[in-house]
Amino acid sequence: MATFSLFTILLFVLLGSLAGFVAGLLGIGGGIILVPLFLWAFAKAGFDPQIIVHSAFGTSLGIIVFTAISSTFGHRKRGNVDWNQVGYLALGGIMGALLGAWWASLLSGDWLKGLFGLMQILVALKMVAFHPRMPPERQDTPSAPALMAVGWGGGVFSAFFGVGGGVVAVPLMVLVLSLPIHLAVGNSSALIVVSSLFGAAAYIYHGLSLTHLPPFSLGHVNFLVVALVAPFTMLMARLGVRIASRTSHDKLVKIFALLLVLVGLRMIYRAWLA
């Protein structure tokens with residue numbers, strides 16, 4: 001039977017808090033920290049190796065739902081959420097999340113980990129190397145199809161990799177839609193609520209037929225871990241929002257890109273080189 005040690009539970013609390021802070025600061029859901037943590041912790045706890053990666057992704061999404069709600073309320077208070085834009089983003093996000101979870105169910109864990117890392121690095125390089133200066137901020141509202149397309153991309157990546165989807169949605173909103181970075185982060189947090197909810201539901205569905213699931217799991221989502229980590233991610237997400245509102249545009253972009261590169265390199269090494 002899968003069990004968690006006291007040290008592992010404390011690590012859940014510590015890194016879950018960090019994930020929440022990052023989620024509020026950068027609007028990315030926190031999955032870039034949660035997924036590597038769960039890959040390690042689930043193996044130590046005795047989860048079946050064949051379900052570790054998918055369970056890590058699904059459980060991460062289950063926590064991100066609550067983290068993103070907390071972040072969204074914080075950004076809304078500061079006027080950094082445009083609900084009209086979020087509506088179209090969410091429509092695309094729902095369709096993308098369902099598709100992304102289905103694609104992930106077809107791949108092995110090593111392939112998912114390697115692709116996760118590669119995607120992170122490519123996004124970071126695009127933001128820093130190919131666009132050293134952000135495009136001028138637009139004054140009008142992006143079209144509905146453009147918003148839905150961005151939401152679809154965020155939803156696919158959210159469900160496919162078990163992250164919030166902001167790793168794609170924030171750069172697309174800044175670089176393609178030319179939205180201000182703070183509005184992009186706020187809109188991304190709201191989009192993540194929807195995409196992670198439908199992504200987690202899809203991971204539950206795709207894992208329902210499995211017979212070797214650990215205790216407290218429904219499909220690929222472990223609700224014991226969700227209950228342990230979600231309160232701390234929600235609390236720290238609000239702190240991240242406060243810091244984000246006081247941080248400059250350039251600093252946010254640099255932090256975002258550096259974090260993506262570091263996590264991406266680690267995931268590629270663990271999946272394909274170690």
# chains A, B, ... in the order shown; residues from 1 in each chain; ligands from 1
call {"tool": "select_by_dssp", "arguments": {"residues": "segment 155-237 of chain A", "states": "strand (DSSP E or B)", "output": "list in words"}}
result
Ser217, Leu218, Val221 and Asn222 of chain A
call {"tool": "write_last_selection", "arguments": {"atoms": "N, CA, C and O atoms", "output": "compact mmCIF listing (two decimals), in the first residue's frame"}}
result
# COMPACT_ATOMS: atom_id res chain seq x y z
N SER A 217 -7.26 7.74 -4.14
CA SER A 217 -7.17 8.16 -5.54
C SER A 217 -8.48 7.88 -6.26
O SER A 217 -9.13 6.86 -6.05
N LEU A 218 -8.84 8.83 -7.10
CA LEU A 218 -9.95 8.65 -8.04
C LEU A 218 -9.36 8.88 -9.41
O LEU A 218 -9.00 10.02 -9.76
N VAL A 221 -6.04 11.22 -9.92
CA VAL A 221 -5.98 12.32 -8.96
C VAL A 221 -6.02 11.75 -7.55
O VAL A 221 -6.96 11.04 -7.20
N ASN A 222 -4.99 12.06 -6.76
CA ASN A 222 -4.94 11.61 -5.37
C ASN A 222 -5.48 12.72 -4.48
O ASN A 222 -4.84 13.76 -4.30
call {"tool": "residues_around", "arguments": {"residues": "Gly93 of chain A", "least_positions_apart": "6", "cutoff": "7 Å", "atoms": "only C-alpha atoms", "output": "compact mmCIF listing (two decimals) with N, CA, C and O atoms, in the first residue's frame"}}
result
# COMPACT_ATOMS: atom_id res chain seq x y z
N GLY A 151 -6.54 30.49 -25.43
CA GLY A 151 -7.11 29.63 -24.39
C GLY A 151 -6.97 28.16 -24.74
O GLY A 151 -6.67 27.33 -23.86
N TRP A 152 -7.16 27.82 -26.01
CA TRP A 152 -7.01 26.43 -26.45
C TRP A 152 -5.57 25.96 -26.24
O TRP A 152 -5.33 24.87 -25.73
N GLY A 154 -3.37 27.16 -24.12
CA GLY A 154 -3.14 27.02 -22.69
C GLY A 154 -3.79 25.77 -22.12
O GLY A 154 -3.22 25.09 -21.28
N GLY A 155 -5.00 25.46 -22.60
CA GLY A 155 -5.70 24.28 -22.12
C GLY A 155 -5.02 22.99 -22.51
O GLY A 155 -4.92 22.06 -21.70
N LEU A 191 -8.03 31.83 -16.49
CA LEU A 191 -8.08 30.74 -17.46
C LEU A 191 -7.67 29.42 -16.83
O LEU A 191 -8.27 28.37 -17.10
N VAL A 194 -10.34 27.22 -15.12
CA VAL A 194 -11.17 26.41 -16.01
C VAL A 194 -10.38 25.26 -16.62
O VAL A 194 -10.81 24.11 -16.60
N SER A 195 -9.20 25.56 -17.17
CA SER A 195 -8.44 24.53 -17.86
C SER A 195 -7.97 23.43 -16.91
O SER A 195 -8.00 22.24 -17.25
call {"tool": "closest_atom_pairs", "arguments": {"of": "segment 117-192 of chain A", "to": "segment 74-83 of chain A", "cutoff": "12 Å", "atoms": "only C-alpha atoms", "output": "JSON lines"}}
result
{"residue": "A:Thr141", "atom": "CA", "partner": "A:Asp82", "partner_atom": "CA", "distance": 9.8}
{"residue": "A:Pro142", "atom": "CA", "partner": "A:Asp82", "partner_atom": "CA", "distance": 11.4}
{"residue": "A:Leu147", "atom": "CA", "partner": "A:Asp82", "partner_atom": "CA", "distance": 11.7}
{"residue": "A:Leu179", "atom": "CA", "partner": "A:Asn80", "partner_atom": "CA", "distance": 10.8}
{"residue": "A:Pro180", "atom": "CA", "partner": "A:Asn80", "partner_atom": "CA", "distance": 9.3}
{"residue": "A:Ile181", "atom": "CA", "partner": "A:Asn80", "partner_atom": "CA", "distance": 9.4}
{"residue": "A:His182", "atom": "CA", "partner": "A:Asn80", "partner_atom": "CA", "distance": 6.2}
{"residue": "A:Leu183", "atom": "CA", "partner": "A:Asn80", "partner_atom": "CA", "distance": 4.6}
{"residue": "A:Ala184", "atom": "CA", "partner": "A:Asn80", "partner_atom": "CA", "distance": 7.9}
{"residue": "A:Val185", "atom": "CA", "partner": "A:Asn80", "partner_atom": "CA", "distance": 7.7}
{"residue": "A:Gly186", "atom": "CA", "partner": "A:Val81", "partner_atom": "CA", "distance": 5.0}
{"residue": "A:Asn187", "atom": "CA", "partner": "A:Val81", "partner_atom": "CA", "distance": 5.1}
{"residue": "A:Ser188", "atom": "CA", "partner": "A:Val81", "partner_atom": "CA", "distance": 8.6}
{"residue": "A:Ser189", "atom": "CA", "partner": "A:His75", "partner_atom": "CA", "distance": 8.1}
{"residue": "A:Ala190", "atom": "CA", "partner": "A:Val81", "partner_atom": "CA", "distance": 7.6}
{"residue": "A:Leu191", "atom": "CA", "partner": "A:Trp83", "partner_atom": "CA", "distance": 10.0}
call {"tool": "write_last_selection", "arguments": {"atoms": "C-alpha atoms", "output": "PDB file, in the first residue's frame"}}
result
ATOM      1  CA  THR A 141      -9.591  44.274 -27.210  1.00  0.00           C
ATOM      2  CA  PRO A 142      -8.241  41.177 -29.015  1.00  0.00           C
ATOM      3  CA  LEU A 147      -8.555  34.789 -27.417  1.00  0.00           C
ATOM      4  CA  LEU A 179      -1.568  42.606 -23.613  1.00  0.00           C
ATOM      5  CA  PRO A 180       0.175  44.235 -20.636  1.00  0.00           C
ATOM      6  CA  ILE A 181       2.081  41.662 -18.569  1.00  0.00           C
ATOM      7  CA  HIS A 182       0.018  42.228 -15.424  1.00  0.00           C
ATOM      8  CA  LEU A 183      -3.268  41.813 -17.319  1.00  0.00           C
ATOM      9  CA  ALA A 184      -1.855  38.714 -19.030  1.00  0.00           C
ATOM     10  CA  VAL A 185      -0.936  37.188 -15.658  1.00  0.00           C
ATOM     11  CA  GLY A 186      -4.375  38.016 -14.213  1.00  0.00           C
ATOM     12  CA  ASN A 187      -6.254  36.646 -17.212  1.00  0.00           C
ATOM     13  CA  SER A 188      -4.035  33.578 -17.169  1.00  0.00           C
ATOM     14  CA  SER A 189      -4.933  32.869 -13.540  1.00  0.00           C
ATOM     15  CA  ALA A 190      -8.630  32.944 -14.412  1.00  0.00           C
ATOM     16  CA  LEU A 191      -8.080  30.744 -17.464  1.00  0.00           C
TER      17      LEU A 191
END
call {"tool": "closest_atom_pairs", "arguments": {"of": "segment 129-180 of chain A", "to": "segment 105-116 of chain A", "cutoff": "10 Å", "atoms": "only C-alpha atoms", "output": "CSV"}}
result
residue,atom,partner,partner_atom,distance
A:Phe157,CA,A:Phe116,CA,9.1
A:Phe160,CA,A:Leu112,CA,8.0
A:Phe161,CA,A:Phe116,CA,6.1
A:Gly162,CA,A:Phe116,CA,9.3
A:Val163,CA,A:Phe116,CA,9.6
call {"tool": "write_last_selection", "arguments": {"atoms": "N, CA and C atoms", "output": "tab-separated table (two decimals), in the first residue's frame"}}
result
chain	number	residue	atom	x	y	z
A	157	PHE	N	-1.79	22.50	-23.15
A	157	PHE	CA	-0.56	22.34	-22.37
A	157	PHE	C	-0.85	22.09	-20.90
A	160	PHE	N	-1.97	18.41	-20.78
A	160	PHE	CA	-0.95	17.50	-21.29
A	160	PHE	C	0.22	17.35	-20.32
A	161	PHE	N	0.57	18.46	-19.65
A	161	PHE	CA	1.74	18.44	-18.78
A	161	PHE	C	1.41	18.56	-17.30
A	162	GLY	N	0.14	18.69	-16.93
A	162	GLY	CA	-0.22	18.78	-15.52
A	162	GLY	C	0.14	20.10	-14.88
A	163	VAL	N	0.27	21.15	-15.68
A	163	VAL	CA	0.59	22.48	-15.16
A	163	VAL	C	-0.60	23.39	-15.40
call {"tool": "atom_distance", "arguments": {"atom1": "atom CA of Phe47 of chain A", "atom2": "atom CA of Gly166 of chain A"}}
result
28.4 Å
call {"tool": "residues_around", "arguments": {"residues": "Gly92 of chain A", "least_positions_apart": "2", "cutoff": "7 Å", "atoms": "only C-alpha atoms", "output": "ChimeraX atom specification"}}
result
/A:88-90,94-96,148-149,151-152
call {"tool": "closest_residue", "arguments": {"among": "A:Ala19, A:Leu118, A:Gln50, A:Ile63", "to": "Arg270 of chain A", "atoms": "only C-alpha atoms"}}
result
A:Leu118
call {"tool": "closest_residue", "arguments": {"among": "A:Leu208, A:Leu98, A:Leu25, A:Ala124", "to": "Arg246 of chain A", "atoms": "only C-alpha atoms"}}
result
A:Leu25
call {"tool": "select_by_dssp", "arguments": {"residues": "segment 110-272 of chain A", "states": "alpha helix (DSSP H)", "output": "ChimeraX atom specification"}}
result
/A:110-128,144-161,166-175,181-207,223-244,249-268
call {"tool": "residues_around", "arguments": {"residues": "segment 120-122 of chain A", "least_positions_apart": "3", "cutoff": "8 Å", "atoms": "only C-alpha atoms", "output": "list in words"}}
result
Phe116, Gly117, Leu125, Lys126, Val167, Leu260, Val261, Val263, Gly264 and Leu265 of chain A
call {"tool": "residues_around", "arguments": {"residues": "Ser71 of chain A", "least_positions_apart": "4", "cutoff": "10 Å", "atoms": "only C-alpha atoms", "output": "mmCIF file with N, CA and C atoms, in the first residue's frame"}}
result
data_model
loop_
_atom_site.group_PDB
_atom_site.id
_atom_site.type_symbol
_atom_site.label_atom_id
_atom_site.label_comp_id
_atom_site.auth_asym_id
_atom_site.auth_seq_id
_atom_site.Cartn_x
_atom_site.Cartn_y
_atom_site.Cartn_z
ATOM 1 N N GLY A 20 2.471 27.807 -4.681
ATOM 2 C CA GLY A 20 1.416 28.807 -4.613
ATOM 3 C C GLY A 20 1.955 30.210 -4.807
ATOM 4 N N PHE A 21 3.099 30.487 -4.197
ATOM 5 C CA PHE A 21 3.715 31.813 -4.353
ATOM 6 C C PHE A 21 4.060 32.082 -5.814
ATOM 7 N N ALA A 23 2.720 30.707 -8.392
ATOM 8 C CA ALA A 23 1.473 30.812 -9.145
ATOM 9 C C ALA A 23 0.931 32.233 -9.101
ATOM 10 N N GLY A 24 0.906 32.814 -7.914
ATOM 11 C CA GLY A 24 0.412 34.173 -7.791
ATOM 12 C C GLY A 24 1.324 35.184 -8.444
ATOM 13 N N LEU A 25 2.628 34.958 -8.360
ATOM 14 C CA LEU A 25 3.598 35.901 -8.909
ATOM 15 C C LEU A 25 3.581 35.930 -10.429
ATOM 16 N N LEU A 26 3.515 34.738 -11.044
ATOM 17 C CA LEU A 26 3.684 34.643 -12.488
ATOM 18 C C LEU A 26 2.447 34.162 -13.236
ATOM 19 N N GLY A 27 1.391 33.805 -12.527
ATOM 20 C CA GLY A 27 0.164 33.367 -13.199
ATOM 21 C C GLY A 27 0.316 32.059 -13.940
ATOM 22 N N ILE A 28 1.118 31.126 -13.398
ATOM 23 C CA ILE A 28 1.401 29.891 -14.129
ATOM 24 C C ILE A 28 0.883 28.638 -13.437
ATOM 25 N N GLY A 29 0.132 28.779 -12.344
ATOM 26 C CA GLY A 29 -0.514 27.625 -11.749
ATOM 27 C C GLY A 29 0.286 26.858 -10.718
ATOM 28 N N PHE A 66 -7.563 25.105 -7.106
ATOM 29 C CA PHE A 66 -7.741 25.944 -5.923
ATOM 30 C C PHE A 66 -6.736 27.096 -5.881
ATOM 31 N N THR A 67 -5.493 26.807 -6.281
ATOM 32 C CA THR A 67 -4.474 27.847 -6.321
ATOM 33 C C THR A 67 -4.867 28.960 -7.282
ATOM 34 N N HIS A 75 -5.767 39.009 -8.219
ATOM 35 C CA HIS A 75 -5.556 39.845 -9.395
ATOM 36 C C HIS A 75 -6.802 40.677 -9.720
ATOM 37 N N ARG A 76 -7.999 40.118 -9.461
ATOM 38 C CA ARG A 76 -9.227 40.861 -9.737
ATOM 39 C C ARG A 76 -9.313 42.119 -8.875
ATOM 40 N N VAL A 185 -1.060 38.076 -16.811
ATOM 41 C CA VAL A 185 -0.936 37.188 -15.658
ATOM 42 C C VAL A 185 -2.293 37.014 -14.979
ATOM 43 N N GLY A 186 -3.058 38.112 -14.841
ATOM 44 C CA GLY A 186 -4.375 38.016 -14.213
ATOM 45 C C GLY A 186 -5.349 37.184 -15.031
ATOM 46 N N SER A 188 -4.531 34.947 -17.184
ATOM 47 C CA SER A 188 -4.035 33.578 -17.169
ATOM 48 C C SER A 188 -4.501 32.834 -15.922
ATOM 49 N N SER A 189 -4.486 33.506 -14.785
ATOM 50 C CA SER A 189 -4.933 32.869 -13.540
ATOM 51 C C SER A 189 -6.390 32.436 -13.649
ATOM 52 N N ALA A 190 -7.216 33.290 -14.242
ATOM 53 C CA ALA A 190 -8.630 32.944 -14.412
ATOM 54 C C ALA A 190 -8.800 31.802 -15.406
ATOM 55 N N ILE A 192 -6.677 29.459 -15.953
ATOM 56 C CA ILE A 192 -6.169 28.248 -15.322
ATOM 57 C C ILE A 192 -7.236 27.574 -14.472
ATOM 58 N N VAL A 193 -8.118 28.353 -13.849
ATOM 59 C CA VAL A 193 -9.195 27.754 -13.061
ATOM 60 C C VAL A 193 -9.994 26.783 -13.921
ATOM 61 N N THR A 233 -1.023 26.245 -0.928
ATOM 62 C CA THR A 233 -0.832 26.917 -2.212
ATOM 63 C C THR A 233 -1.775 28.102 -2.348
ATOM 64 N N MET A 234 -3.008 27.960 -1.856
ATOM 65 C CA MET A 234 -3.968 29.059 -1.926
ATOM 66 C C MET A 234 -3.509 30.250 -1.094
ATOM 67 N N LEU A 235 -3.010 29.964 0.107
ATOM 68 C CA LEU A 235 -2.561 31.037 0.991
ATOM 69 C C LEU A 235 -1.387 31.795 0.386
ATOM 70 N N MET A 236 -0.404 31.056 -0.099
ATOM 71 C CA MET A 236 0.798 31.698 -0.626
ATOM 72 C C MET A 236 0.570 32.328 -1.989
ATOM 73 N N ALA A 237 -0.444 31.875 -2.714
ATOM 74 C CA ALA A 237 -0.755 32.491 -4.007
ATOM 75 C C ALA A 237 -1.129 33.957 -3.826
ATOM 76 N N ARG A 238 -1.826 34.268 -2.739
ATOM 77 C CA ARG A 238 -2.214 35.658 -2.499
ATOM 78 C C ARG A 238 -0.988 36.538 -2.255
ATOM 79 N N LEU A 239 0.015 35.983 -1.551
ATOM 80 C CA LEU A 239 1.250 36.730 -1.339
ATOM 81 C C LEU A 239 1.965 36.968 -2.662
ATOM 82 N N GLY A 240 1.982 35.957 -3.524
ATOM 83 C CA GLY A 240 2.608 36.122 -4.826
ATOM 84 C C GLY A 240 1.946 37.200 -5.652
ATOM 85 N N VAL A 241 0.629 37.301 -5.559
ATOM 86 C CA VAL A 241 -0.108 38.341 -6.281
ATOM 87 C C VAL A 241 0.318 39.725 -5.800
ATOM 88 N N ARG A 242 0.474 39.875 -4.502
ATOM 89 C CA ARG A 242 0.885 41.168 -3.951
ATOM 90 C C ARG A 242 2.262 41.580 -4.456
#
call {"tool": "closest_residue", "arguments": {"among": "A:Ile268, A:Ala104, A:Val156, A:Ala200", "to": "Val53 of chain A", "atoms": "only C-alpha atoms"}}
result
A:Ala104
call {"tool": "atom_distance", "arguments": {"atom1": "atom CA of Leu91 of chain A", "atom2": "atom CA of Leu34 of chain A"}}
result
25.7 Å
call {"tool": "residues_around", "arguments": {"residues": "segment 2-15 of chain A", "least_positions_apart": "3", "cutoff": "9 Å", "atoms": "only C-alpha atoms", "output": "list in words"}}
result
Leu18, Ala19, Gly20, Ile33, Leu34, Leu37, Phe38, Ala41, Phe42, Lys44, Ala45, Gly46, Phe47, Asp48, Pro214, Pro215, Val225, Leu228, Val229, Ala230, Phe232 and Thr233 of chain A
call {"tool": "closest_residue", "arguments": {"among": "A:Leu61, A:Met173, A:Ile32, A:Leu273", "to": "Ala146 of chain A", "atoms": "only C-alpha atoms"}}
result
A:Met173
call {"tool": "atom_distance", "arguments": {"atom1": "atom CA of Gly100 of chain A", "atom2": "atom CA of Ala159 of chain A"}}
result
4.9 Å
call {"tool": "closest_residue", "arguments": {"among": "A:Ala97, A:Pro231, A:Val65, A:Gln85", "to": "Tyr203 of chain A", "atoms": "only C-alpha atoms"}}
result
A:Ala97
